[in-house]
Each structure stands twice: as C-alpha cells, then as structure tokens.
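Shown next: entry.txt, given as compact mmCIF, C-alpha atoms and all ligand atoms.
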# COMPACT_ATOMS: atom_id res chain seq x y z
CA MET A 1 0.00 0.00 0.00
CA LYS A 2 1.38 3.41 -1.01
CA VAL A 3 1.55 6.03 1.73
CA ALA A 4 2.49 9.71 1.26
CA VAL A 5 4.29 10.96 4.38
CA PHE A 6 4.14 14.75 4.80
CA SER A 7 6.34 16.99 6.98
CA ALA A 8 8.82 14.12 6.83
CA LYS A 9 12.19 14.93 8.38
CA LYS A 10 15.33 12.76 8.16
CA TYR A 11 14.59 11.21 11.54
CA ASP A 12 11.09 10.23 10.32
CA GLN A 13 12.57 8.46 7.31
CA THR A 14 15.10 6.62 9.47
CA SER A 15 12.46 5.65 12.02
CA PHE A 16 10.05 4.34 9.38
CA ALA A 17 12.88 2.35 7.75
CA ASP A 18 13.78 0.84 11.14
CA TRP A 19 10.40 0.22 12.69
CA ALA A 20 7.51 0.29 10.18
CA ASP A 21 6.15 -2.80 8.44
CA PRO A 22 8.21 -3.40 5.25
CA SER A 23 5.07 -4.14 3.21
CA LEU A 24 4.10 -0.46 3.39
CA GLU A 25 5.53 1.71 0.60
CA PHE A 26 6.36 5.17 1.93
CA SER A 27 7.08 8.29 -0.15
CA PHE A 28 8.49 11.14 1.93
CA PHE A 29 7.59 14.79 1.35
CA ASP A 30 9.64 17.29 3.34
CA GLY A 31 6.95 19.99 3.14
CA PRO A 32 3.60 20.10 4.94
CA LEU A 33 0.26 18.86 3.68
CA ASP A 34 -1.74 21.88 2.53
CA PRO A 35 -4.17 22.71 -0.30
CA GLN A 36 -1.30 22.73 -2.85
CA SER A 37 0.57 19.61 -1.75
CA ALA A 38 -2.71 17.68 -1.39
CA LYS A 39 -2.69 17.55 -5.20
CA LEU A 40 0.42 15.33 -5.03
CA THR A 41 -1.46 12.47 -3.41
CA GLN A 42 -2.91 10.95 -6.57
CA GLY A 43 -2.26 7.20 -6.47
CA TYR A 44 -1.69 7.00 -2.70
CA ALA A 45 -4.05 4.95 -0.52
CA ALA A 46 -3.14 6.87 2.63
CA VAL A 47 -1.39 9.98 3.88
CA CYS A 48 0.67 10.15 7.03
CA VAL A 49 0.80 13.56 8.73
CA PHE A 50 2.04 15.43 11.79
CA VAL A 51 0.90 18.20 14.16
CA ASN A 52 1.02 21.20 11.83
CA ASP A 53 -0.28 19.61 8.62
CA ASP A 54 -3.50 21.11 7.31
CA LEU A 55 -6.43 18.70 7.44
CA SER A 56 -9.20 21.24 6.97
CA ALA A 57 -12.30 20.39 4.90
CA PRO A 58 -10.88 21.72 1.57
CA VAL A 59 -7.70 19.63 1.95
CA LEU A 60 -9.72 16.54 2.93
CA THR A 61 -11.92 17.03 -0.13
CA GLU A 62 -8.80 17.22 -2.29
CA LEU A 63 -7.44 14.00 -0.70
CA LYS A 64 -10.70 12.19 -1.29
CA ALA A 65 -10.76 13.28 -4.94
CA ALA A 66 -7.18 11.97 -5.31
CA GLY A 67 -8.28 8.53 -4.10
CA VAL A 68 -6.86 8.67 -0.56
CA GLY A 69 -8.86 6.59 1.93
CA MET A 70 -6.98 7.06 5.16
CA ILE A 71 -5.15 9.66 7.24
CA ALA A 72 -2.59 8.32 9.68
CA LEU A 73 -1.61 10.91 12.29
CA ARG A 74 1.89 10.52 13.74
CA CYS A 75 0.71 12.29 16.89
CA ALA A 76 -1.87 12.21 19.67
CA GLY A 77 -3.46 15.68 19.28
CA PHE A 78 -5.92 16.07 16.39
CA ASN A 79 -6.96 19.73 16.67
CA ASN A 80 -5.68 20.22 13.09
CA VAL A 81 -8.21 17.72 11.66
CA ASP A 82 -11.77 18.59 10.65
CA VAL A 83 -13.09 15.30 12.04
CA ALA A 84 -16.70 15.96 10.98
CA ALA A 85 -15.63 16.65 7.38
CA ALA A 86 -13.48 13.49 7.37
CA LYS A 87 -16.46 11.41 8.51
CA GLU A 88 -18.69 13.00 5.89
CA LEU A 89 -16.14 12.15 3.20
CA ASP A 90 -15.73 8.62 4.59
CA LEU A 91 -12.02 9.17 5.19
CA ARG A 92 -10.65 7.08 8.01
CA VAL A 93 -8.47 8.95 10.53
CA ALA A 94 -6.31 7.16 13.10
CA ARG A 95 -3.82 8.60 15.60
CA VAL A 96 -1.14 7.46 18.01
CA PRO A 97 -2.98 8.05 21.30
CA ALA A 98 0.05 7.62 23.58
CA TYR A 99 3.62 7.35 22.38
CA SER A 100 5.48 8.36 25.45
CA PRO A 101 3.73 10.50 27.99
CA GLU A 102 6.94 10.38 30.02
CA ALA A 103 8.88 12.01 27.17
CA VAL A 104 6.63 15.09 27.27
CA ALA A 105 6.44 15.09 31.07
CA GLU A 106 10.24 14.94 31.37
CA HIS A 107 10.65 17.81 28.89
CA THR A 108 8.10 19.83 30.89
CA VAL A 109 10.15 19.30 34.03
CA ALA A 110 13.37 20.08 32.13
CA MET A 111 11.85 23.46 31.20
CA ILE A 112 10.79 24.12 34.80
CA LEU A 113 14.27 23.35 36.15
CA CYS A 114 16.08 25.23 33.40
CA LEU A 115 13.99 28.38 33.87
CA ASN A 116 14.11 28.24 37.66
CA ARG A 117 17.87 27.63 37.99
CA LYS A 118 18.68 29.63 34.83
CA LEU A 119 20.73 26.83 33.32
CA HIS A 120 20.51 28.42 29.85
CA LYS A 121 22.33 31.48 31.18
CA ALA A 122 24.77 29.55 33.37
CA TYR A 123 25.82 27.39 30.41
CA ASN A 124 26.85 30.45 28.39
CA ARG A 125 28.42 32.26 31.34
CA VAL A 126 30.72 29.44 32.34
CA ARG A 127 31.86 28.95 28.74
CA ASP A 128 32.76 32.65 28.83
CA ASP A 129 34.82 32.14 32.04
CA ASN A 130 32.18 34.13 33.96
CA PHE A 131 31.57 32.35 37.24
CA ALA A 132 29.55 35.12 38.92
CA LEU A 133 26.22 34.01 40.40
CA ASP A 134 24.37 37.34 40.19
CA GLY A 135 21.13 36.92 38.30
CA LEU A 136 21.08 33.14 38.67
CA LEU A 137 19.05 32.99 41.90
CA GLY A 138 16.34 30.31 41.80
CA PHE A 139 13.82 28.95 44.29
CA ASN A 140 13.19 25.54 45.86
CA LEU A 141 10.44 23.57 44.16
CA HIS A 142 10.04 21.58 47.38
CA GLY A 143 7.04 22.94 49.28
CA LYS A 144 5.78 25.10 46.37
CA THR A 145 2.39 24.59 44.70
CA ALA A 146 2.08 23.38 41.12
CA GLY A 147 -1.20 23.64 39.20
CA LEU A 148 -1.76 21.13 36.40
CA VAL A 149 -4.53 21.63 33.87
CA GLY A 150 -5.29 18.25 32.30
CA THR A 151 -4.35 15.06 34.14
CA GLY A 152 -4.53 12.53 31.31
CA ARG A 153 -1.44 10.56 30.34
CA ILE A 154 1.04 13.44 30.18
CA GLY A 155 -0.45 15.44 33.04
CA ALA A 156 -0.37 12.35 35.27
CA ALA A 157 3.25 11.56 34.36
CA THR A 158 4.18 15.18 35.14
CA ALA A 159 2.26 15.06 38.44
CA LYS A 160 4.20 11.99 39.57
CA ILE A 161 7.55 13.69 38.94
CA LEU A 162 6.50 16.92 40.69
CA LEU A 163 5.16 14.98 43.69
CA GLY A 164 8.63 13.45 43.89
CA PHE A 165 10.07 16.96 44.27
CA GLY A 166 7.84 17.46 47.33
CA MET A 167 5.47 19.93 45.64
CA GLU A 168 1.83 20.44 46.55
CA LEU A 169 -0.31 19.59 43.52
CA LEU A 170 -3.56 21.27 42.52
CA CYS A 171 -5.22 19.78 39.45
CA TYR A 172 -8.07 20.62 37.14
CA ASP A 173 -9.61 18.23 34.62
CA ILE A 174 -13.10 17.40 33.43
CA GLN A 175 -12.36 13.82 34.62
CA VAL A 176 -10.77 13.02 37.97
CA ASN A 177 -7.82 10.62 37.94
CA ASP A 178 -8.34 8.52 41.08
CA GLU A 179 -4.80 7.15 41.04
CA LEU A 180 -3.46 10.70 41.31
CA VAL A 181 -5.86 11.54 44.13
CA LYS A 182 -4.50 8.51 46.02
CA ALA A 183 -0.97 9.77 45.31
CA GLY A 184 -1.84 13.06 47.02
CA VAL A 185 -3.01 15.61 44.41
CA ARG A 186 -6.08 17.75 45.01
CA TYR A 187 -8.65 18.55 42.29
CA VAL A 188 -9.86 22.16 42.53
CA PRO A 189 -11.92 24.56 40.40
CA LEU A 190 -9.90 26.32 37.73
CA GLU A 191 -10.10 29.70 39.49
CA GLU A 192 -8.53 28.23 42.63
CA LEU A 193 -5.77 26.65 40.55
CA TRP A 194 -4.99 29.99 38.87
CA THR A 195 -4.99 31.79 42.23
CA LYS A 196 -2.93 29.42 44.37
CA SER A 197 -0.28 27.98 42.07
CA ASP A 198 3.37 29.08 41.99
CA LEU A 199 3.81 27.10 38.79
CA ILE A 200 1.15 26.26 36.20
CA SER A 201 1.59 23.61 33.50
CA LEU A 202 -0.91 22.91 30.71
CA HIS A 203 -1.66 19.32 29.63
CA CYS A 204 -5.20 19.43 28.22
CA PRO A 205 -6.09 19.22 24.52
CA LEU A 206 -6.84 22.28 22.42
CA ASN A 207 -10.56 22.53 21.72
CA PRO A 208 -13.20 25.29 21.75
CA GLN A 209 -13.47 25.02 25.57
CA THR A 210 -9.73 25.33 26.19
CA GLN A 211 -8.69 27.77 23.46
CA HIS A 212 -7.01 30.85 25.00
CA MET A 213 -7.71 29.58 28.53
CA ILE A 214 -4.62 31.59 29.46
CA ASN A 215 -5.89 35.09 28.78
CA ALA A 216 -6.01 38.52 30.46
CA ASP A 217 -8.73 37.33 32.89
CA SER A 218 -7.05 34.11 34.03
CA LEU A 219 -3.65 35.84 34.20
CA ALA A 220 -5.13 38.54 36.45
CA LEU A 221 -6.03 35.84 38.99
CA MET A 222 -2.52 34.34 39.11
CA LYS A 223 0.19 34.98 41.68
CA ASP A 224 2.72 37.68 40.81
CA GLY A 225 5.81 36.01 39.38
CA VAL A 226 3.99 32.78 38.44
CA MET A 227 5.83 30.28 36.25
CA LEU A 228 3.79 29.20 33.23
CA ILE A 229 4.67 26.15 31.12
CA ASN A 230 2.91 25.01 27.95
CA THR A 231 3.97 21.77 26.30
CA SER A 232 0.46 21.00 25.04
CA ARG A 233 -0.81 23.19 22.19
CA GLY A 234 -0.04 26.84 21.43
CA GLY A 235 -3.70 27.81 21.08
CA LEU A 236 -4.27 27.31 24.80
CA ILE A 237 -2.52 30.65 25.30
CA ASP A 238 -3.44 34.16 24.18
CA THR A 239 0.16 35.11 23.42
CA LYS A 240 -0.44 38.87 23.34
CA ALA A 241 -1.97 38.74 26.84
CA VAL A 242 1.03 36.70 27.99
CA ILE A 243 3.44 39.31 26.61
CA LYS A 244 1.61 42.00 28.60
CA ALA A 245 1.85 39.80 31.70
CA LEU A 246 5.60 39.35 31.16
CA LYS A 247 6.01 43.12 30.88
CA SER A 248 4.05 43.73 34.10
CA ARG A 249 6.09 40.98 35.89
CA LYS A 250 2.88 38.99 36.54
CA ILE A 251 4.59 36.08 34.79
CA GLY A 252 8.02 35.46 36.29
CA HIS A 253 9.01 32.59 34.00
CA LEU A 254 7.53 31.30 30.78
CA GLY A 255 8.38 27.98 29.14
CA LEU A 256 6.84 27.13 25.76
CA ASP A 257 7.31 24.07 23.62
CA VAL A 258 4.35 25.04 21.46
CA TYR A 259 3.19 28.30 19.93
CA GLU A 260 -0.12 29.22 18.31
CA GLN A 261 1.47 30.21 14.98
CA GLU A 262 4.16 27.52 15.12
CA ALA A 263 3.18 26.01 11.76
CA ASP A 264 5.08 28.84 10.02
CA LEU A 265 8.21 28.34 12.13
CA PHE A 266 8.79 25.04 13.83
CA PHE A 267 10.42 21.87 12.47
CA GLN A 268 12.59 23.79 9.98
CA ASP A 269 15.93 25.61 9.98
CA LEU A 270 15.13 29.29 9.45
CA SER A 271 18.45 30.54 10.80
CA GLY A 272 19.35 32.22 7.49
CA GLN A 273 16.01 33.98 7.10
CA LEU A 274 14.12 36.92 8.53
CA ILE A 275 11.34 35.87 10.89
CA GLU A 276 8.34 38.07 10.25
CA ASP A 277 6.27 36.99 13.25
CA GLU A 278 6.59 40.05 15.52
CA VAL A 279 4.81 38.39 18.43
CA PHE A 280 7.21 35.46 18.43
CA LYS A 281 10.22 37.77 18.10
CA ARG A 282 8.94 39.83 21.05
CA LEU A 283 8.70 36.69 23.19
CA LEU A 284 12.34 35.94 22.45
CA THR A 285 13.46 39.31 23.85
CA PHE A 286 12.52 38.36 27.43
CA PRO A 287 15.35 36.82 29.48
CA ASN A 288 12.88 34.75 31.51
CA VAL A 289 11.30 33.04 28.49
CA LEU A 290 12.50 29.65 27.28
CA ILE A 291 11.13 28.34 23.97
CA THR A 292 11.76 24.95 22.39
CA GLY A 293 10.38 24.06 18.95
CA HIS A 294 7.82 21.34 19.74
CA GLN A 295 10.48 18.87 20.83
CA ALA A 296 8.90 17.57 24.04
CA PHE A 297 7.93 14.27 22.36
CA PHE A 298 11.34 13.84 20.74
CA THR A 299 12.93 10.77 22.34
CA GLN A 300 14.08 7.48 20.80
CA GLU A 301 11.35 5.61 22.65
CA ALA A 302 8.60 7.95 21.46
CA LEU A 303 9.75 7.85 17.82
CA GLN A 304 9.79 4.05 17.85
CA GLN A 305 6.31 3.93 19.35
CA ILE A 306 4.98 6.50 16.84
CA CYS A 307 6.29 4.44 13.90
CA GLN A 308 5.06 1.11 15.16
CA VAL A 309 1.55 2.34 16.03
CA THR A 310 1.26 4.34 12.78
CA SER A 311 2.34 1.26 10.86
CA ASP A 312 -0.26 -0.87 12.71
CA ASN A 313 -2.95 1.75 11.99
CA LEU A 314 -2.08 1.67 8.28
CA LEU A 315 -2.01 -2.14 8.16
CA ALA A 316 -5.44 -2.25 9.83
CA PHE A 317 -6.81 0.05 7.14
CA LYS A 318 -5.19 -2.07 4.43
CA ALA A 319 -6.83 -5.23 5.87
CA ASN A 320 -10.17 -3.43 6.26
CA ARG A 321 -10.24 -3.85 10.04
CA LEU A 322 -10.07 -1.34 12.92
CA SER A 323 -6.93 -0.78 15.00
CA GLY A 324 -8.83 0.88 17.86
CA ASN A 325 -6.96 4.17 17.33
CA GLU A 326 -9.53 5.66 14.92
CA LEU A 327 -11.12 9.04 15.69
P1 LIG B 1 -4.88 12.66 27.23
O1 LIG B 1 -6.05 12.55 26.34
O2 LIG B 1 -4.33 11.44 27.89
O3 LIG B 1 -5.21 13.72 28.40
C1 LIG B 1 -5.85 14.94 28.18
C2 LIG B 1 -6.60 15.28 29.47
O4 LIG B 1 -7.18 16.58 29.28
C3 LIG B 1 -7.74 14.29 29.78
O5 LIG B 1 -7.64 13.85 31.12
C4 LIG B 1 -8.99 15.12 29.54
O6 LIG B 1 -10.07 14.76 30.41
C5 LIG B 1 -8.48 16.52 29.85
N1 LIG B 1 -9.34 17.57 29.34
C6 LIG B 1 -10.12 17.55 28.22
N2 LIG B 1 -10.80 18.71 28.12
C7 LIG B 1 -10.42 19.46 29.19
C8 LIG B 1 -10.79 20.75 29.63
N3 LIG B 1 -11.69 21.50 28.98
N4 LIG B 1 -10.21 21.23 30.77
C9 LIG B 1 -9.32 20.46 31.45
N5 LIG B 1 -8.94 19.24 31.08
C10 LIG B 1 -9.48 18.75 29.96
O7 LIG B 1 -3.77 13.41 26.39
P2 LIG B 1 -2.20 13.45 26.67
O8 LIG B 1 -1.55 12.30 25.97
O9 LIG B 1 -1.95 13.64 28.11
O10 LIG B 1 -1.81 14.77 25.87
C11 LIG B 1 -2.18 16.06 26.32
C12 LIG B 1 -1.88 17.06 25.23
O11 LIG B 1 -0.45 17.15 25.08
C13 LIG B 1 -2.37 16.65 23.84
O12 LIG B 1 -3.67 17.09 23.63
C14 LIG B 1 -1.40 17.30 22.91
O13 LIG B 1 -1.96 18.50 22.48
C15 LIG B 1 -0.17 17.58 23.77
N6 LIG B 1 1.03 16.88 23.30
C16 LIG B 1 2.18 17.61 23.11
C17 LIG B 1 3.34 17.00 22.68
C18 LIG B 1 4.61 17.76 22.48
O14 LIG B 1 5.58 17.23 21.90
N7 LIG B 1 4.73 18.99 22.93
C19 LIG B 1 3.37 15.55 22.40
C20 LIG B 1 2.12 14.87 22.70
C21 LIG B 1 1.00 15.52 23.11
Render the structure in this file as structure tokens.
Amino acid sequence: MKVAVFSAKKYDQTSFADWADPSLEFSFFDGPLDPQSAKLTQGYAAVCVFVNDDLSAPVLTELKAAGVGMIALRCAGFNNVDVAAAKELDLRVARVPAYSPEAVAEHTVAMILCLNRKLHKAYNRVRDDNFALDGLLGFNLHGKTAGLVGTGRIGAATAKILLGFGMELLCYDIQVNDELVKAGVRYVPLEELWTKSDLISLHCPLNPQTQHMINADSLALMKDGVMLINTSRGGLIDTKAVIKALKSRKIGHLGLDVYEQEADLFFQDLSGQLIEDEVFKRLLTFPNVLITGHQAFFTQEALQQICQVTSDNLLAFKANRLSGNEL
C-alpha cells in the first residue's frame, strides 16, 4: 500500500525504515500537507501527517478526490483535523494516542528546572569564564504549589515527577484521575488553581473550551511572578496577553514548547532567514522566556512507538479492520 508521508524529516525516514512494516511503501515529502501539496497524493491509498499539517475540509476534499482513503496521524493531538468533514467524506483517521507521555512530562520538568535555575544562562556564562552568580538565583520547588490543567497521560506523568520533588499539587480536569488523588493531588476549580499555584503547567487538549484559557482574565487571577509552562498546544494561550503579563512581571518565568502560529516556524531551519512573526520575536526578547520548537515528544522511545503504532494503523486500514486508534 502506497503512503504519502508529509512533513517528513530525516529522523522520520530513518524511524520508518527501522520500525515500520516493510510491506508499506512510503514516499516522503519534506513539506507540509496543505491545499497545494494535497494535489500530489494521486495514487496513494493513505497519507501520514504530523501536528502542523492542514487537514481542513478543503484539503480533505482534495485527498478524497485523489483517491486517498486514510489519514494516519503521527501524533496524539488532532486539533488540526476537521473530524466531521473526514467522517462526511468517509475518510478514516487514526492517531497514536500515547507514544510516550513520560517524554513530554520529562521535557516539561526540564523546562521548569532550566527556567528556575537559569541553566541556559549559566551554560553560556561558564563557557565565557564568567563564574559570577548574580542573576542566577532560583527557588526551591520543594514545598511550592504546582497547578496542572489536564491530568490525562502526560499530566499524570508530570504530576508523579512533581510529587517526587515534594510539591503540593492542585489539578483541574473534566475527569478526575483517582490514582493521582491517592498519590496526594487535590482537584480544585480552575479559578482556585490559577490563584494558588506558583507554577502552572498545561496538559489538556486544544478545543473550543480550552482555546485561550490563558488570557487577560485568568492571568489577572494568578500569583505575581507565576511560572507558566505550555507543552500542550499553542492555542491554549493568548500570546499577546502573555506578553503584557511578562512586561508587568505577573509572569516570572515562561516555558513554551508550542506556539499558536508555530506552523510557520517550527520543524525547519530558518536561521538564514528573517522571521516576520513580531509576536514570536517579542517573546524571544525576554530573558525569563524559554522556547523549544515542539520537541517535548522527541525521544528514541517515542519515535519508535509512533512508527510502530502508525504502521499498525495503516495495516489495519489495508486489511479493512479497525486498530482501535480511529477518531
Ligand atoms: P490525554 O487525552 O491522555 O489527556 C488529556 C486530558 O485533558 C484528559 O484527562 C482530559 O479529560 C483533559 N481535558 C479535556 N478537556 C479538558 C478541559 N476542557 N479542561 C481540562 N482538562 C481537559 O492526552 P495526553 O496524551 O496527556 O496529551 C495532552 C496534550 O499534550 C495533547 O492534547 C497534545 O496536544 C499535547 N502533546 C504535546 C506534545 C509535544 O511534543 N509537545 C506531544 C504529545 C501531546
């Protein structure tokens, strides 16, 4: 079965060669799936896509017309897919529901520690023979309160690590995770989480209920100097409101692995080009902001899992059975 893989980087090609079923015939396209590139899918039974590929109704219609029958997501989040349109067009969509929650949780904690203890600055200072400590003062996580929004797979993995640091944990989710309650976290209304947390980390999906949940109103409720971490989806945050909160010192530290307009930036080397996104450039001017380019998932273990589950999803489609990972 022929599969067109979009947004395919070198590591995707290597991973598919190592771990996907050899009966699947992959063609790799470096660029994203969008209305133009959708026209390239003639003759392919399936497309394989990632977080920033465009799966809006017009693109899905184009895929259907080209003869594509299935969309295999190499990710868990599916906010970029018009699921209703896919159903209407009888296009099957399957995802990788969990490839390594620990990978994302560990990156979240790496961002917390780096921002708090200013490791990004210390690294450069020491290489410059500057061993002064001024400006590197951090705080103990032990005894502080962390607020987690979303306690599914990644939120729960993050909670377990933060409990290990001796933090108090306040959580908000539309579904309570009993295992976490037993481990010592407390579920609270969102307003209480905003008000009482020293550190807030987002782990819920992006949907109409959660879009811009970090906005001027929620920020106003937060502690002065709060640390905010987002490794989930950029759209959870109103970035302009966050910039204002950085300027007013409401936010003391900001760690982002995702950004609302990341599709124009992330997963490519733009070091020789001018970046036109003024909001993103403004974020980079703050010394207390750490941004990584959607790399939280990026571990050996996660890549292997992504390839194997994607391959199983494609084989299920080929054999006209369900893998259980369909949307
Ligand atoms: P999950 O489905 O296991 O957990 C999501 C949790 O959010 C669930 O417990 C759900 O009840 C909760 N939730 C849903 N609506 C909510 C709302 N309105 N308010 C509060 N909680 C709500 O998903 P998982 O695997 O933990 O992933 C979380 C998110 O992390 C994904 O949606 C994805 O966007 C992001 N992600 C980011 C990656 C990265 O590399 N930066 C990699 C993988 C996922």
Pick from A:Phe139, A:Gly166, A:Tyr172, A:Cys48, whichever lies nearest to Gly225 in chain A using only C-alpha atoms: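 Looking only at the distances to Gly225 in chain A, the closest residue turns out to be A:Phe139.
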For a quick check of understanding, using only C-alpha atoms and all ligand atoms, which of A:Gly255, A:Gly69, A:Gly150, A:Gly272 has the smallest distance to ligand LIG 1 (chain B)?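 Among the listed residues, the smallest separation from ligand LIG 1 (chain B) belongs to A:Gly150.
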Would you mind telling me which residue in A:Ala156, A:Leu219, A:Val109, A:Cys114 lies nearest to ligand LIG 1 (chain B) when using all atoms listed in the file?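 Between A:Ala156, A:Leu219, A:Val109, A:Cys114, the residue approaching ligand LIG 1 (chain B) most closely is A:Ala156.
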Option closest in space to Thr145 in chain A, from A:Ser201, A:Gln308, A:Ser100, A:Asn207 [counting all atoms listed in the file]: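 Under the stated criterion, the closest residue is A:Ser201.
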So the first atom is CA of Asn325 in chain A and the second is CA of Glu62 in chain A; what is the distance between them in Å, to one decimal place?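 Between CA of Asn325 in chain A and CA of Glu62 in chain A the gap is 23.6 Å.
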Ligand LIG 1 (chain B): which residues are within 6 Å, counting all atoms listed in the file? Reply as an NGL selection string. :A and (76-77 or 98 or 101 or 104 or 149-155 or 172-175 or 203-205 or 209-210 or 231-233 or 257 or 294-297)
Skipping near chain neighbours, those fewer than 5 positions away, what residues fall within 12 Å of Lys9 in chain A using only C-alpha atoms, listed as a PDB file with C-alpha atoms, keeping the file's coordinate frame?
ATOM      1  CA  THR A  14      15.100   6.620   9.470  1.00  0.00           C
ATOM      2  CA  SER A  15      12.460   5.650  12.020  1.00  0.00           C
ATOM      3  CA  PHE A  16      10.050   4.340   9.380  1.00  0.00           C
ATOM      4  CA  SER A  27       7.080   8.290  -0.150  1.00  0.00           C
ATOM      5  CA  PHE A  28       8.490  11.140   1.930  1.00  0.00           C
ATOM      6  CA  PHE A  29       7.590  14.790   1.350  1.00  0.00           C
ATOM      7  CA  ASP A  30       9.640  17.290   3.340  1.00  0.00           C
ATOM      8  CA  GLY A  31       6.950  19.990   3.140  1.00  0.00           C
ATOM      9  CA  PRO A  32       3.600  20.100   4.940  1.00  0.00           C
ATOM     10  CA  VAL A  49       0.800  13.560   8.730  1.00  0.00           C
ATOM     11  CA  PHE A  50       2.040  15.430  11.790  1.00  0.00           C
ATOM     12  CA  PHE A 266       8.790  25.040  13.830  1.00  0.00           C
ATOM     13  CA  PHE A 267      10.420  21.870  12.470  1.00  0.00           C
ATOM     14  CA  GLN A 268      12.590  23.790   9.980  1.00  0.00           C
ATOM     15  CA  ASP A 269      15.930  25.610   9.980  1.00  0.00           C
TER      16      ASP A 269
END
Please write as a VMD selection string the list of polymer residues whose atoms come within 12 Å of (1.1, 22.0, 11.3), counting all atoms listed in the file and keeping to the coordinates of the file. chain A and resid 6 to 8 31 to 34 49 to 56 73 to 75 77 to 81 233 to 234 258 to 268 294
Between CA of Ile306 in chain A and CA of Glu106 in chain A, what is the distance, to one decimal in Å?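 Result for CA of Ile306 in chain A versus CA of Glu106 in chain A: 17.6 Å, one decimal.
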What is the distance, in Å and to one decimal place, between CA of Tyr187 in chain A and CA of Ala146 in chain A?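 Separation between CA of Tyr187 in chain A and CA of Ala146 in chain A: 11.8 Å.
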With a distance cut-off of 10 Å and all atoms listed in the file, select the neighbouring residues of Glu168 in chain A, excluding the residue or stretch itself and same-chain residues fewer than 6 positions from it, and output the selection as a ChimeraX atom specification. /A:141-147,159,162,184-186,197-198
Taking into account only C-alpha atoms, which residue in the set A:Lys247, A:Val83, A:Asp224, A:Trp19 is nearest to Glu301 in chain A? A:Trp19
From the set A:Ala65, A:Ala110, A:Ala245, A:Val47, which residue has the shortest atom-to-atom contact distance to Leu314 in chain A, counting all atoms listed in the file? A:Val47
So which residues touch Ile251 in chain A within 12 Å, counting all atoms listed in the file, skipping near sequence neighbours fewer than 3 positions away, as a count of residues only? 31
Can you pull out every residue within 8 Å of Gly43 in chain A, counting all atoms listed in the file, but drop anything in the same chain fewer than 2 positions away, and send it as a list in words?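 Skipping anything fewer than 2 positions along the chain leaves Lys2, Thr41, Ala45, Ala66, Gly67 and Val68 of chain A.
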Using the selection just defined, write its residues with C-alpha atoms as a PDB file, in the frame of the given file.
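Just written: selection_1.pdb:
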ATOM      1  CA  LYS A   2       1.380   3.410  -1.010  1.00  0.00           C
ATOM      2  CA  THR A  41      -1.460  12.470  -3.410  1.00  0.00           C
ATOM      3  CA  ALA A  45      -4.050   4.950  -0.520  1.00  0.00           C
ATOM      4  CA  ALA A  66      -7.180  11.970  -5.310  1.00  0.00           C
ATOM      5  CA  GLY A  67      -8.280   8.530  -4.100  1.00  0.00           C
ATOM      6  CA  VAL A  68      -6.860   8.670  -0.560  1.00  0.00           C
TER       7      VAL A  68
END
